[in-house]
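Asks: Would you mind keeping the following structure in view while I ask a few things?
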Amino acid sequence: MCHPFGFLSTQSACGMAAVWQQVLAVDDFEEDPRAQGARGHRRSVSRGSYQLQAQMNRAVYDERPPGSLVPTSVAEASRAMAGDTTLSENYAFAGMHHIFDQHVDSAVPRLQFANDDKHLLACCSLDGSLSIMTLSPPPPSVKVTLKGHGGPVTDFAWSLSNDIIVSTSLDGTLRIWNTEDGRCIREVRDPESSELLCCTFQPMNNNLTVVGNSKHHLQVVNISTGKKVKGGSSKLTGRVLSLSFDAPGKILWAGDDRGSIFSFLFDMATGKLTKAKRLVVSEGSSICSISARSWISREARDPSLLVNACVNKLLLYRVVDNEGTLQLKRSFPIQHGSQLVHSIFCPLMSFRQGACVVTGSEDGCVYFFDVERNTKAIVNKLQGHGGPVLDVSFNCDESLLASADSTGMVIIWRREQK
């Protein structure tokens with residue numbers, strides 16, 4: 001199997017794509033002989049928000065066809081507030097606002113706007129650095145460059161207050177950065193000296209960061225001390241490529257390069273991880289992006305997971321219980337067979353009928369899909385990149401969209417003002 005980031009530096013496919021299989025095999029780890037690492041005991045779990053939401057939705061969803069909307073007075077009111085503007089009109093873009101090329105010739109695998117900020121964003125590069133960019137006051141500029149990693153930077157995350165960024169690298173280190181002056185506050189080396197591939201903050205406790213490495217391990221790290229959390233480690237079946245918490249921080253999903261998504265229960269008091277479920281999406285394919293959302297829209301109230309899995313489809317799963325069990329809801333055709341392509345839910349709850357997701361693609365385009373539309377789901381398509389689009393990010397009010405590609409180009413797109 002090829003290196004999960006090697007093909008990005010050469011901009012060539014490495015044969016990681018597998019034949020698409022729809023395998024909805026959800027395994028309980030207490031009975032799964034393939035489970036790796038310590039078994040641990042099955043702890044009791046209180047009935048949380050997912051279980052409650054499932055109970056609340058069951059009566060409505062059982063009586064309506066797949067993909068239809070919840071027929072509530074709130075839904076009607078939200079459409080009335082939106083007037084006659086369609087989802088396609090809402091996500092129409094006037095063109096390119098700015099192009100950043102400071103990482104040209106090295107892929108930019110991740111980019112993200114800062115939390116609740118219209119004009120601040122960051123990206124990481126396989127050239128070993130990260131950039132923090134500001135779009136206002138004009139002209140747009142690189143505010144600070146974060147240098148110190150000894151290898152390609154694979155992932156990063158903003159803290160909730162935007163004062164800290166954590167980043168992972170193939171050099172085997174997790175670094176904590178001050179976003180104002182670009183100082184590296186702390187360097188945490190992987191105890192196995194393995195390449196670090198992904199990271200995410202615990203949403204309710206930003207002292208804790210979860211890191212995934214190339215030796216199949218997850219680890220919870222306390223960034224204040226630089227120490228790993230006791231009981232906060234687990235092992236997957238392959239290299240850990242993607243991570244996402246639910247909004248309350250109680251469930252963590254992790255994807256590997258062998259086609260599996262694992263769910264973990266996160267103990268808020270101790271930082272301990274407990275394996276819950278496993279979903280085999282496609283044997284041998286890379287689960288390179290996972291995004292969780294409590295509601296897709298005000299009208300479609302499924303807790304959901306958006307997944308890119310190198311199967312030439314964008315996958316939308318319904319979260320059906322409080323152990324993170326997944327059920328396929330929709331899929332959307334995109335060109336994605338080998339690159340580490342990412343996708344997002346649009347950040348605002350739409351007042352319009354429908355709900356939108358955005359994804360990169362290996363054909364160099366950015367695609368918008370209405371997840372509630374049964375036919376002709378493509379809402380918009382942006383063209384302008386010279387290579388596969390690897391990541392996309394909206395600012396907090398959806399006035400600007402950023403996209404990054406395998407050639408190192410970052411494009412800021414401006415939405416049309418209605």
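Identifiers in this document derive from the order of the structure tokens: chains are assigned A, B, ..., residues are numbered from 1 separately in each chain, and ligands are numbered from 1 in order of occurrence.
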Neighbours of A:Asp127 within 8 Å (only C-alpha atoms; same-chain residues fewer than 3 positions away dropped), as a short mmCIF file (atom, residue, chain, number, x, y, z; two decimals) with N, CA, C and O atoms, in the first residue's frame?

Replies:
data_model
loop_
_atom_site.label_atom_id
_atom_site.label_comp_id
_atom_site.auth_asym_id
_atom_site.auth_seq_id
_atom_site.Cartn_x
_atom_site.Cartn_y
_atom_site.Cartn_z
N HIS A 103 2.39 28.86 -1.22
CA HIS A 103 2.81 27.45 -1.13
C HIS A 103 2.86 26.78 -2.51
O HIS A 103 2.73 25.56 -2.60
N SER A 106 3.80 22.97 -3.85
CA SER A 106 3.61 21.97 -2.79
C SER A 106 2.14 21.92 -2.43
O SER A 106 1.51 22.97 -2.25
N ALA A 107 1.59 20.73 -2.33
CA ALA A 107 0.16 20.59 -2.08
C ALA A 107 -0.25 21.23 -0.76
O ALA A 107 0.51 21.24 0.22
N GLY A 151 9.12 18.25 8.32
CA GLY A 151 8.56 17.47 7.22
C GLY A 151 7.21 18.04 6.82
O GLY A 151 6.74 19.03 7.41
N PRO A 152 6.58 17.46 5.80
CA PRO A 152 5.28 17.94 5.34
C PRO A 152 4.26 18.02 6.47
O PRO A 152 4.19 17.13 7.33
N VAL A 153 3.47 19.10 6.48
CA VAL A 153 2.40 19.27 7.48
C VAL A 153 1.13 18.64 6.93
O VAL A 153 0.69 18.97 5.83
#

Asks: Sorted by chain and rising residue number, which residues of stretch 113-231 of chain A lie within 6 Å of stretch 389-410 of chain A, and what are their closest atom pairs and distances in Å to one decimal, counting only C-alpha atoms, as a tab-separated table?

Replies:
residue	atom	partner	partner_atom	distance
A:Phe113	CA	A:Asn395	CA	5.5
A:Asp116	CA	A:Cys396	CA	5.1
A:Asp117	CA	A:Cys396	CA	5.7
A:Lys118	CA	A:Asn395	CA	5.1

Asks: If you run DSSP on this backbone, which residues of stretch 78-199 of chain A come out as strand (DSSP E), and could you give them as a ChimeraX atom specification?

Replies: /A:93-100,110-113,120-124,129-134,141-147,153-158,164-169,173-178,184-189,196-199

Asks: Mind checking which residues fall within 9 Å of stretch 303-307 of chain A, counting only C-alpha atoms, ignoring those fewer than 2 positions away in the same chain, and posting them as a ChimeraX atom specification?

Replies: /A:50,53-54,246,287-296,301,309,313-320,326,329,342-345,357

Asks: Env of A:His98: 8 Å cut, atoms = only C-alpha atoms, seq-sep filter 4 positions within chain, self excluded. Answer as a VMD selection string.

Replies: chain A and resid 140 411 to 413

Asks: Find the residues near A:Ile223: any atom within 12 Å, counting only C-alpha atoms, skip ones fewer than 4 places away on the same chain, and give them as a ChimeraX atom specification.

Replies: /A:159,164-167,174-177,185-189,199-202,205-211,219,227-229
